[in-house]
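Structure below is start-v6.pdb: PDB, C-alpha atoms and all ligand atoms.
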```
ATOM      1  CA  MET I 269      -2.663   9.313  19.633  1.00  0.00           C
ATOM      2  CA  GLY I 270      -2.462   5.587  19.002  1.00  0.00           C
ATOM      3  CA  TYR I 271       0.797   3.618  18.910  1.00  0.00           C
ATOM      4  CA  ASN I 272       1.870   3.766  15.268  1.00  0.00           C
ATOM      5  CA  ILE I 273       4.070   1.353  13.337  1.00  0.00           C
ATOM      6  CA  ALA I 274       4.845   2.518   9.785  1.00  0.00           C
ATOM      7  CA  ILE I 275       6.064   0.035   7.193  1.00  0.00           C
ATOM      8  CA  ASP I 276       7.093   1.355   3.786  1.00  0.00           C
ATOM      9  CA  GLY I 277       8.770  -0.325   0.877  1.00  0.00           C
ATOM     10  CA  PRO I 278       8.473  -1.338  -2.755  1.00  0.00           C
ATOM     11  CA  ALA I 279       5.757  -3.562  -4.226  1.00  0.00           C
ATOM     12  CA  GLY I 280       6.195  -7.236  -3.406  1.00  0.00           C
ATOM     13  CA  ALA I 281       8.579  -6.790  -0.467  1.00  0.00           C
ATOM     14  CA  GLY I 282       6.083  -8.594   1.785  1.00  0.00           C
ATOM     15  CA  LYS I 283       4.771  -5.507   3.556  1.00  0.00           C
ATOM     16  CA  SER I 284       1.169  -6.656   3.876  1.00  0.00           C
ATOM     17  CA  THR I 285       2.051 -10.186   5.030  1.00  0.00           C
ATOM     18  CA  ILE I 286       4.431  -8.846   7.650  1.00  0.00           C
ATOM     19  CA  ALA I 287       2.211  -5.941   8.701  1.00  0.00           C
ATOM     20  CA  LYS I 288      -0.697  -8.359   9.264  1.00  0.00           C
ATOM     21  CA  GLN I 289       1.495 -10.615  11.420  1.00  0.00           C
ATOM     22  CA  VAL I 290       2.800  -7.721  13.482  1.00  0.00           C
ATOM     23  CA  ALA I 291      -0.734  -6.313  13.914  1.00  0.00           C
ATOM     24  CA  LYS I 292      -1.997  -9.713  15.059  1.00  0.00           C
ATOM     25  CA  LYS I 293       0.787 -10.163  17.599  1.00  0.00           C
ATOM     26  CA  LYS I 294       0.332  -6.653  18.979  1.00  0.00           C
ATOM     27  CA  GLY I 295      -3.483  -6.639  18.826  1.00  0.00           C
ATOM     28  CA  PHE I 296      -3.346  -3.539  16.589  1.00  0.00           C
ATOM     29  CA  ILE I 297      -5.359  -2.869  13.468  1.00  0.00           C
ATOM     30  CA  TYR I 298      -3.693  -3.280  10.095  1.00  0.00           C
ATOM     31  CA  VAL I 299      -4.178  -0.399   7.690  1.00  0.00           C
ATOM     32  CA  ASP I 300      -3.409  -1.208   4.062  1.00  0.00           C
ATOM     33  CA  THR I 301      -3.069   2.193   2.377  1.00  0.00           C
ATOM     34  CA  GLY I 302      -2.380   0.612  -1.018  1.00  0.00           C
ATOM     35  CA  ALA I 303      -5.935  -0.758  -0.898  1.00  0.00           C
ATOM     36  CA  MET I 304      -7.231   2.795  -0.466  1.00  0.00           C
ATOM     37  CA  TYR I 305      -5.345   3.911  -3.603  1.00  0.00           C
ATOM     38  CA  ARG I 306      -6.720   0.859  -5.360  1.00  0.00           C
ATOM     39  CA  GLY I 307     -10.264   1.753  -4.246  1.00  0.00           C
ATOM     40  CA  LEU I 308      -9.929   5.211  -5.769  1.00  0.00           C
ATOM     41  CA  ALA I 309      -8.371   3.673  -8.890  1.00  0.00           C
ATOM     42  CA  LEU I 310     -11.439   1.486  -9.331  1.00  0.00           C
ATOM     43  CA  HIS I 311     -13.574   4.617  -9.152  1.00  0.00           C
ATOM     44  CA  PHE I 312     -11.569   6.218 -11.996  1.00  0.00           C
ATOM     45  CA  ILE I 313     -11.890   3.035 -14.064  1.00  0.00           C
ATOM     46  CA  ARG I 314     -15.640   2.975 -13.450  1.00  0.00           C
ATOM     47  CA  GLN I 315     -15.822   6.575 -14.627  1.00  0.00           C
ATOM     48  CA  GLY I 316     -14.136   5.536 -17.897  1.00  0.00           C
ATOM     49  CA  ILE I 317     -11.072   7.667 -17.153  1.00  0.00           C
ATOM     50  CA  GLN I 318      -7.630   6.743 -18.561  1.00  0.00           C
ATOM     51  CA  PRO I 319      -4.567   6.842 -16.253  1.00  0.00           C
ATOM     52  CA  GLU I 320      -3.077   9.692 -18.324  1.00  0.00           C
ATOM     53  CA  GLU I 321      -6.122  11.952 -17.854  1.00  0.00           C
ATOM     54  CA  ARG I 322      -4.797  13.801 -14.823  1.00  0.00           C
ATOM     55  CA  GLU I 323      -7.376  16.582 -14.809  1.00  0.00           C
ATOM     56  CA  LYS I 324     -10.289  14.181 -14.991  1.00  0.00           C
ATOM     57  CA  ILE I 325      -8.783  12.137 -12.154  1.00  0.00           C
ATOM     58  CA  ALA I 326      -8.309  15.251 -10.012  1.00  0.00           C
ATOM     59  CA  PHE I 327     -11.906  16.259 -10.713  1.00  0.00           C
ATOM     60  CA  ALA I 328     -13.232  12.760  -9.969  1.00  0.00           C
ATOM     61  CA  CYS I 329     -11.665  12.973  -6.499  1.00  0.00           C
ATOM     62  CA  GLN I 330     -13.955  15.804  -5.478  1.00  0.00           C
ATOM     63  CA  ASP I 331     -17.014  13.909  -4.418  1.00  0.00           C
ATOM     64  CA  VAL I 332     -15.968  10.276  -4.214  1.00  0.00           C
ATOM     65  CA  VAL I 333     -16.252   8.694  -0.769  1.00  0.00           C
ATOM     66  CA  ILE I 334     -13.643   6.118   0.300  1.00  0.00           C
ATOM     67  CA  ARG I 335     -14.094   4.543   3.684  1.00  0.00           C
ATOM     68  CA  ILE I 336     -12.541   1.563   5.396  1.00  0.00           C
ATOM     69  CA  GLY I 337     -14.028  -0.843   7.889  1.00  0.00           C
ATOM     70  CA  TYR I 338     -13.157  -4.224   9.402  1.00  0.00           C
ATOM     71  CA  GLU I 339     -14.912  -7.590   9.089  1.00  0.00           C
ATOM     72  CA  ASP I 340     -13.454 -10.312  11.313  1.00  0.00           C
ATOM     73  CA  GLY I 341     -10.383  -8.126  11.625  1.00  0.00           C
ATOM     74  CA  ILE I 342      -9.920  -7.934   7.849  1.00  0.00           C
ATOM     75  CA  GLN I 343      -9.830  -4.534   6.209  1.00  0.00           C
ATOM     76  CA  GLN I 344     -12.673  -3.764   3.806  1.00  0.00           C
ATOM     77  CA  VAL I 345     -12.721  -0.841   1.384  1.00  0.00           C
ATOM     78  CA  TYR I 346     -15.990   0.906   0.599  1.00  0.00           C
ATOM     79  CA  LEU I 347     -16.279   3.009  -2.538  1.00  0.00           C
ATOM     80  CA  ASN I 348     -19.315   5.276  -2.390  1.00  0.00           C
ATOM     81  CA  GLY I 349     -20.827   2.825   0.090  1.00  0.00           C
ATOM     82  CA  ASP I 350     -20.092  -0.249  -2.036  1.00  0.00           C
ATOM     83  CA  ASN I 351     -17.743  -2.919  -0.602  1.00  0.00           C
ATOM     84  CA  VAL I 352     -15.180  -3.250  -3.424  1.00  0.00           C
ATOM     85  CA  THR I 353     -12.524  -5.236  -1.518  1.00  0.00           C
ATOM     86  CA  SER I 354     -12.707  -8.277  -3.803  1.00  0.00           C
ATOM     87  CA  ARG I 355     -11.928  -6.151  -6.892  1.00  0.00           C
ATOM     88  CA  LEU I 356      -8.834  -4.433  -5.602  1.00  0.00           C
ATOM     89  CA  ARG I 357      -6.146  -6.957  -6.537  1.00  0.00           C
ATOM     90  CA  GLU I 358      -7.061  -6.972 -10.239  1.00  0.00           C
ATOM     91  CA  GLU I 359      -4.133  -6.109 -12.515  1.00  0.00           C
ATOM     92  CA  ALA I 360      -5.952  -3.184 -14.172  1.00  0.00           C
ATOM     93  CA  VAL I 361      -6.768  -1.700 -10.774  1.00  0.00           C
ATOM     94  CA  GLY I 362      -3.120  -2.028  -9.655  1.00  0.00           C
ATOM     95  CA  ASN I 363      -1.885  -0.351 -12.818  1.00  0.00           C
ATOM     96  CA  MET I 364      -4.346   2.518 -12.481  1.00  0.00           C
ATOM     97  CA  ALA I 365      -3.416   2.881  -8.773  1.00  0.00           C
ATOM     98  CA  SER I 366       0.289   3.005  -9.563  1.00  0.00           C
ATOM     99  CA  LYS I 367      -0.295   5.883 -11.994  1.00  0.00           C
ATOM    100  CA  SER I 368      -3.108   7.778 -10.288  1.00  0.00           C
ATOM    101  CA  SER I 369      -1.326   7.721  -6.915  1.00  0.00           C
ATOM    102  CA  ALA I 370       1.197  10.203  -8.361  1.00  0.00           C
ATOM    103  CA  ILE I 371      -1.533  12.870  -8.640  1.00  0.00           C
ATOM    104  CA  PRO I 372      -1.640  15.368  -5.729  1.00  0.00           C
ATOM    105  CA  GLU I 373      -5.451  15.446  -5.444  1.00  0.00           C
ATOM    106  CA  VAL I 374      -5.516  11.657  -5.091  1.00  0.00           C
ATOM    107  CA  ARG I 375      -2.993  11.706  -2.244  1.00  0.00           C
ATOM    108  CA  GLU I 376      -4.701  14.630  -0.557  1.00  0.00           C
ATOM    109  CA  LYS I 377      -7.977  12.732  -0.620  1.00  0.00           C
ATOM    110  CA  LEU I 378      -6.514   9.857   1.423  1.00  0.00           C
ATOM    111  CA  LEU I 379      -4.152  11.683   3.758  1.00  0.00           C
ATOM    112  CA  GLU I 380      -6.712  12.735   6.343  1.00  0.00           C
ATOM    113  CA  LEU I 381      -8.371   9.319   6.376  1.00  0.00           C
ATOM    114  CA  GLN I 382      -4.990   7.699   7.074  1.00  0.00           C
ATOM    115  CA  ARG I 383      -3.970  10.217   9.740  1.00  0.00           C
ATOM    116  CA  ASN I 384      -7.314   9.999  11.528  1.00  0.00           C
ATOM    117  CA  LEU I 385      -7.086   6.219  11.777  1.00  0.00           C
ATOM    118  CA  ALA I 386      -3.604   6.479  13.281  1.00  0.00           C
ATOM    119  CA  LYS I 387      -4.782   9.107  15.738  1.00  0.00           C
ATOM    120  CA  GLU I 388      -7.650   7.029  17.030  1.00  0.00           C
ATOM    121  CA  GLU I 389      -6.202   3.510  16.963  1.00  0.00           C
ATOM    122  CA  ASP I 390      -3.008   1.551  17.531  1.00  0.00           C
ATOM    123  CA  VAL I 391      -2.067   0.734  13.950  1.00  0.00           C
ATOM    124  CA  VAL I 392       0.387  -1.020  11.714  1.00  0.00           C
ATOM    125  CA  MET I 393       0.125   1.000   8.506  1.00  0.00           C
ATOM    126  CA  ASP I 394       1.879   0.039   5.313  1.00  0.00           C
ATOM    127  CA  GLY I 395       2.439   1.977   2.114  1.00  0.00           C
ATOM    128  CA  ARG I 396       5.067   4.071   0.353  1.00  0.00           C
ATOM    129  CA  ASP I 397       5.132   7.380   2.245  1.00  0.00           C
ATOM    130  CA  ILE I 398       3.857   6.482   5.708  1.00  0.00           C
ATOM    131  CA  GLY I 399       7.104   7.098   7.609  1.00  0.00           C
ATOM    132  CA  THR I 400       8.157  10.048   5.459  1.00  0.00           C
ATOM    133  CA  HIS I 401       4.891  11.937   5.090  1.00  0.00           C
ATOM    134  CA  VAL I 402       1.686  10.465   6.526  1.00  0.00           C
ATOM    135  CA  LEU I 403       2.969   9.638  10.019  1.00  0.00           C
ATOM    136  CA  PRO I 404       6.304  11.436  10.418  1.00  0.00           C
ATOM    137  CA  ASP I 405       6.106  10.890  14.197  1.00  0.00           C
ATOM    138  CA  ALA I 406       5.335   7.155  14.059  1.00  0.00           C
ATOM    139  CA  ASP I 407       6.704   5.225  17.047  1.00  0.00           C
ATOM    140  CA  VAL I 408       8.388   2.636  14.828  1.00  0.00           C
ATOM    141  CA  LYS I 409       9.389   3.085  11.188  1.00  0.00           C
ATOM    142  CA  VAL I 410      10.532   0.268   8.968  1.00  0.00           C
ATOM    143  CA  TYR I 411      11.664   0.317   5.354  1.00  0.00           C
ATOM    144  CA  LEU I 412      11.100  -3.221   4.144  1.00  0.00           C
ATOM    145  CA  THR I 413      12.675  -4.239   0.897  1.00  0.00           C
ATOM    146  CA  ALA I 414      13.906  -7.284  -1.060  1.00  0.00           C
ATOM    147  CA  SER I 415      15.794  -7.676  -4.327  1.00  0.00           C
ATOM    148  CA  VAL I 416      13.827  -7.519  -7.599  1.00  0.00           C
ATOM    149  CA  ALA I 417      14.738 -11.172  -8.252  1.00  0.00           C
ATOM    150  CA  THR I 418      13.385 -12.281  -4.856  1.00  0.00           C
ATOM    151  CA  ARG I 419      10.180 -10.304  -5.267  1.00  0.00           C
ATOM    152  CA  ALA I 420       9.680 -11.664  -8.796  1.00  0.00           C
ATOM    153  CA  LYS I 421      10.236 -15.218  -7.512  1.00  0.00           C
ATOM    154  CA  ARG I 422       7.614 -14.726  -4.791  1.00  0.00           C
ATOM    155  CA  ARG I 423       5.079 -13.277  -7.236  1.00  0.00           C
ATOM    156  CA  PHE I 424       5.789 -16.051  -9.750  1.00  0.00           C
ATOM    157  CA  ALA I 425       5.199 -18.702  -7.064  1.00  0.00           C
ATOM    158  CA  GLU I 426       1.989 -16.972  -5.945  1.00  0.00           C
ATOM    159  CA  LEU I 427       0.543 -16.829  -9.479  1.00  0.00           C
ATOM    160  CA  THR I 428       1.657 -20.368 -10.354  1.00  0.00           C
ATOM    161  CA  ALA I 429       0.029 -21.677  -7.163  1.00  0.00           C
ATOM    162  CA  LYS I 430      -3.222 -20.066  -8.331  1.00  0.00           C
ATOM    163  CA  GLY I 431      -2.868 -21.934 -11.642  1.00  0.00           C
ATOM    164  CA  GLU I 432      -2.173 -18.742 -13.605  1.00  0.00           C
ATOM    165  CA  GLU I 433       0.255 -18.873 -16.517  1.00  0.00           C
ATOM    166  CA  CYS I 434       3.042 -16.350 -16.148  1.00  0.00           C
ATOM    167  CA  ASP I 435       6.484 -15.433 -17.349  1.00  0.00           C
ATOM    168  CA  PHE I 436       9.225 -14.777 -14.793  1.00  0.00           C
ATOM    169  CA  ASP I 437      11.032 -12.152 -16.907  1.00  0.00           C
ATOM    170  CA  ILE I 438       7.846 -10.185 -17.518  1.00  0.00           C
ATOM    171  CA  ILE I 439       7.043 -10.228 -13.806  1.00  0.00           C
ATOM    172  CA  ALA I 440      10.567  -9.019 -12.940  1.00  0.00           C
ATOM    173  CA  ALA I 441      10.352  -6.243 -15.554  1.00  0.00           C
ATOM    174  CA  ASP I 442       6.935  -5.147 -14.208  1.00  0.00           C
ATOM    175  CA  ILE I 443       8.306  -4.968 -10.675  1.00  0.00           C
ATOM    176  CA  ALA I 444      11.317  -2.920 -11.759  1.00  0.00           C
ATOM    177  CA  GLU I 445       9.055  -0.590 -13.735  1.00  0.00           C
ATOM    178  CA  ARG I 446       6.694  -0.095 -10.789  1.00  0.00           C
ATOM    179  CA  ASP I 447       9.655   0.602  -8.477  1.00  0.00           C
ATOM    180  CA  ALA I 448      10.928   3.268 -10.862  1.00  0.00           C
ATOM    181  CA  ARG I 449       7.493   4.884 -11.017  1.00  0.00           C
ATOM    182  CA  ASP I 450       6.984   4.840  -7.239  1.00  0.00           C
ATOM    183  CA  MET I 451      10.517   6.090  -6.475  1.00  0.00           C
ATOM    184  CA  ASN I 452      10.831   8.779  -9.103  1.00  0.00           C
ATOM    185  CA  ARG I 453       7.481  10.519  -8.932  1.00  0.00           C
ATOM    186  CA  GLU I 454       7.502  14.146  -7.851  1.00  0.00           C
ATOM    187  CA  ILE I 455       4.983  13.844  -5.052  1.00  0.00           C
ATOM    188  CA  ALA I 456       5.509  11.529  -2.058  1.00  0.00           C
ATOM    189  CA  PRO I 457       8.099   9.298  -3.763  1.00  0.00           C
ATOM    190  CA  LEU I 458       8.948   5.980  -2.178  1.00  0.00           C
ATOM    191  CA  LYS I 459      12.088   6.444  -0.101  1.00  0.00           C
ATOM    192  CA  GLN I 460      13.433   5.369   3.241  1.00  0.00           C
ATOM    193  CA  ALA I 461      12.722   7.863   6.032  1.00  0.00           C
ATOM    194  CA  GLU I 462      15.920   9.013   7.736  1.00  0.00           C
ATOM    195  CA  ASP I 463      14.827   7.449  11.009  1.00  0.00           C
ATOM    196  CA  ALA I 464      13.452   4.220   9.506  1.00  0.00           C
ATOM    197  CA  VAL I 465      15.114   0.865  10.128  1.00  0.00           C
ATOM    198  CA  LEU I 466      16.047  -0.897   6.885  1.00  0.00           C
ATOM    199  CA  ILE I 467      15.094  -4.563   6.685  1.00  0.00           C
ATOM    200  CA  ASP I 468      16.034  -6.522   3.571  1.00  0.00           C
ATOM    201  CA  SER I 469      13.828  -9.610   3.590  1.00  0.00           C
ATOM    202  CA  SER I 470      15.514 -11.330   0.606  1.00  0.00           C
ATOM    203  CA  ASP I 471      17.038 -14.036   2.802  1.00  0.00           C
ATOM    204  CA  MET I 472      14.684 -13.871   5.783  1.00  0.00           C
ATOM    205  CA  THR I 473      11.577 -15.848   6.675  1.00  0.00           C
ATOM    206  CA  ILE I 474       8.272 -14.170   7.518  1.00  0.00           C
ATOM    207  CA  GLU I 475       8.820 -15.043  11.191  1.00  0.00           C
ATOM    208  CA  GLU I 476      12.300 -13.528  11.210  1.00  0.00           C
ATOM    209  CA  VAL I 477      11.082 -10.257   9.725  1.00  0.00           C
ATOM    210  CA  THR I 478       8.081 -10.142  12.086  1.00  0.00           C
ATOM    211  CA  ASP I 479      10.310 -10.742  15.104  1.00  0.00           C
ATOM    212  CA  ALA I 480      12.759  -8.067  13.954  1.00  0.00           C
ATOM    213  CA  ILE I 481       9.937  -5.518  13.842  1.00  0.00           C
ATOM    214  CA  LEU I 482       8.437  -6.620  17.171  1.00  0.00           C
ATOM    215  CA  ALA I 483      11.877  -6.165  18.711  1.00  0.00           C
ATOM    216  CA  LEU I 484      11.787  -2.511  17.655  1.00  0.00           C
ATOM    217  CA  CYS I 485       8.534  -1.839  19.516  1.00  0.00           C
ATOM    218  CA  GLY I 486       8.923  -0.293  22.939  1.00  0.00           C
ATOM    219  CA  ARG I 487       5.628  -1.738  24.062  1.00  0.00           C
TER     220      ARG I 487
HETATM  221  O1  LIG I 501       0.861  -1.610  -2.150  1.00  0.00           O
HETATM  222  P1  LIG I 501      -0.070  -1.704  -3.346  1.00  0.00           P
HETATM  223  O2  LIG I 501       0.534  -2.429  -4.513  1.00  0.00           O
HETATM  224  O3  LIG I 501      -1.432  -2.213  -2.999  1.00  0.00           O
HETATM  225  O4  LIG I 501      -0.282  -0.175  -3.812  1.00  0.00           O
HETATM  226  C1  LIG I 501      -0.965   0.149  -4.995  1.00  0.00           C
HETATM  227  C2  LIG I 501      -0.362   1.418  -5.583  1.00  0.00           C
HETATM  228  O5  LIG I 501      -0.658   2.521  -4.729  1.00  0.00           O
HETATM  229  C3  LIG I 501       1.164   1.374  -5.738  1.00  0.00           C
HETATM  230  O6  LIG I 501       1.546   1.387  -7.103  1.00  0.00           O
HETATM  231  C4  LIG I 501       1.685   2.619  -5.094  1.00  0.00           C
HETATM  232  C5  LIG I 501       0.497   3.331  -4.549  1.00  0.00           C
HETATM  233  N1  LIG I 501       0.625   3.644  -3.130  1.00  0.00           N
HETATM  234  C6  LIG I 501       1.114   4.891  -2.809  1.00  0.00           C
HETATM  235  O7  LIG I 501       1.444   5.668  -3.704  1.00  0.00           O
HETATM  236  N2  LIG I 501       1.211   5.264  -1.511  1.00  0.00           N
HETATM  237  C7  LIG I 501       0.861   4.409  -0.525  1.00  0.00           C
HETATM  238  N3  LIG I 501       0.954   4.811   0.741  1.00  0.00           N
HETATM  239  C8  LIG I 501       0.383   3.109  -0.841  1.00  0.00           C
HETATM  240  C9  LIG I 501       0.286   2.750  -2.158  1.00  0.00           C
END
```

Now, as a test, write the supplied structure out as structure tokens.
Ligand code: DC
Amino acid sequence: MGYNIAIDGPAGAGKSTIAKQVAKKKGFIYVDTGAMYRGLALHFIRQGIQPEEREKIAFACQDVVIRIGYEDGIQQVYLNGDNVTSRLREEAVGNMASKSSAIPEVREKLLELQRNLAKEEDVVMDGRDIGTHVLPDADVKVYLTASVATRAKRRFAELTAKGEECDFDIIAADIAERDARDMNREIAPLKQAEDAVLIDSSDMTIEEVTDAILALCGR
């Protein structure tokens, strides 16, 4: 069994930024499970399936192959052998992932892949149900959150820096809506594991959060 650090929390809390930093400092691999859900979501989009078509999504899971690999230490997602990493952050893919990830067959498809990685490697894995369901025996569990306003501010700054036009209120409403969907779904809802350490990053720097997590690691 590898040494496992599980980081869960809502969208935009900074999980991937922090998880990457922690992985770098520890020399562990970073496993972005959201990217796996996004990879499957792209498959459903390519099949012309709508997010509401649960049966078609369940059926489409049967023979799709999702695999991850690393290039220069950066996670790559392969969909049926095709490297689709550059497509995963598209808005449509995120929306499909948010909806399709509530379907049991979709979660089942990725569970073994995630557990096997954690068994073989020292990992920092981030997602929504890592500490509660995927790796219940993780060595370190963190629930990383930040207020909706803080997360909306960060997203607004990110999009503005890229030269994209955006509206702060719409971003904040989207974040709140995604939270509600992730937290209230029947299967593997986003919630803090009983033995997870809560870190609210609203008023913390990336370094402060990283150091707080490193301090929790026994080795
Ligand atoms: O973290 P992210 O935005 O890349 O995740 C995309 C979607 O996948 C998100 O709406 C919730 C879902 N997800 C999940 O249900 N379980 C995980 N472990 C990771 C992501």

>> 7 Å from ligand LIG 501 (chain I) is the threshold here; counting only C-alpha atoms and all ligand atoms, which polymer residues fall inside it? Answer as a PyMOL selection string.
In response: chain I and resi 279+301-303+305-306+362-363+365-367+369-370+394-398+446+450

>> Which residues would end up in the selection if the PyMOL selection byres (((chain I and resi 477) around 10) and not hetatm) were applied here, given that I need the answer as a VMD selection string?
In response: chain I and resid 282 286 to 287 289 to 290 412 467 to 469 471 to 476 478 to 483

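Note that CA of Lys324 (chain I) and CA of Asn351 (chain I) are 23.6 Å apart.
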
> Could you write out as number ranges by chain the residues that the PyMOL selection byres (((chain I and resi 465) around 6) and not hetatm) matches in the shown file?
Replying inline: I: 410-411, 464, 466

>> With distances taken over only C-alpha atoms, which residue among I:Leu458, I:Ile336, I:Ile342, I:Ala328 lies nearest Ser284 (chain I)?
In response: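 Ranking I:Leu458, I:Ile336, I:Ile342, I:Ala328 by distance to Ser284 (chain I), first place goes to I:Ile342.
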
Please rebuild region 356-368 of chain I with N, CA and C atoms and return the result as a PDB file, in the frame of the given file.
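Resulting contents of part.pdb:
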```pdb
ATOM      1  N   LEU I 356     -10.007  -5.303  -5.692  1.00  0.00           N
ATOM      2  CA  LEU I 356      -8.834  -4.433  -5.602  1.00  0.00           C
ATOM      3  C   LEU I 356      -7.525  -5.025  -6.110  1.00  0.00           C
ATOM      4  N   ARG I 357      -7.421  -6.360  -6.132  1.00  0.00           N
ATOM      5  CA  ARG I 357      -6.146  -6.957  -6.537  1.00  0.00           C
ATOM      6  C   ARG I 357      -6.063  -7.182  -8.044  1.00  0.00           C
ATOM      7  N   GLU I 358      -7.105  -6.772  -8.781  1.00  0.00           N
ATOM      8  CA  GLU I 358      -7.061  -6.972 -10.239  1.00  0.00           C
ATOM      9  C   GLU I 358      -5.913  -6.147 -10.841  1.00  0.00           C
ATOM     10  N   GLU I 359      -5.300  -6.733 -11.878  1.00  0.00           N
ATOM     11  CA  GLU I 359      -4.133  -6.109 -12.515  1.00  0.00           C
ATOM     12  C   GLU I 359      -4.439  -4.680 -12.995  1.00  0.00           C
ATOM     13  N   ALA I 360      -5.601  -4.504 -13.626  1.00  0.00           N
ATOM     14  CA  ALA I 360      -5.952  -3.184 -14.172  1.00  0.00           C
ATOM     15  C   ALA I 360      -6.082  -2.152 -13.050  1.00  0.00           C
ATOM     16  N   VAL I 361      -6.597  -2.605 -11.917  1.00  0.00           N
ATOM     17  CA  VAL I 361      -6.768  -1.700 -10.774  1.00  0.00           C
ATOM     18  C   VAL I 361      -5.389  -1.305 -10.221  1.00  0.00           C
ATOM     19  N   GLY I 362      -4.484  -2.290 -10.133  1.00  0.00           N
ATOM     20  CA  GLY I 362      -3.120  -2.028  -9.655  1.00  0.00           C
ATOM     21  C   GLY I 362      -2.383  -1.058 -10.566  1.00  0.00           C
ATOM     22  N   ASN I 363      -2.563  -1.244 -11.870  1.00  0.00           N
ATOM     23  CA  ASN I 363      -1.885  -0.351 -12.818  1.00  0.00           C
ATOM     24  C   ASN I 363      -2.418   1.063 -12.719  1.00  0.00           C
ATOM     25  N   MET I 364      -3.748   1.180 -12.620  1.00  0.00           N
ATOM     26  CA  MET I 364      -4.346   2.518 -12.481  1.00  0.00           C
ATOM     27  C   MET I 364      -3.873   3.146 -11.162  1.00  0.00           C
ATOM     28  N   ALA I 365      -3.824   2.347 -10.088  1.00  0.00           N
ATOM     29  CA  ALA I 365      -3.416   2.881  -8.773  1.00  0.00           C
ATOM     30  C   ALA I 365      -1.980   3.380  -8.819  1.00  0.00           C
ATOM     31  N   SER I 366      -1.117   2.634  -9.494  1.00  0.00           N
ATOM     32  CA  SER I 366       0.289   3.005  -9.563  1.00  0.00           C
ATOM     33  C   SER I 366       0.439   4.365 -10.259  1.00  0.00           C
ATOM     34  N   LYS I 367      -0.397   4.609 -11.264  1.00  0.00           N
ATOM     35  CA  LYS I 367      -0.295   5.883 -11.994  1.00  0.00           C
ATOM     36  C   LYS I 367      -1.064   7.000 -11.293  1.00  0.00           C
ATOM     37  N   SER I 368      -2.292   6.699 -10.861  1.00  0.00           N
ATOM     38  CA  SER I 368      -3.108   7.778 -10.288  1.00  0.00           C
ATOM     39  C   SER I 368      -2.583   8.223  -8.918  1.00  0.00           C
TER      40      SER I 368
END
```
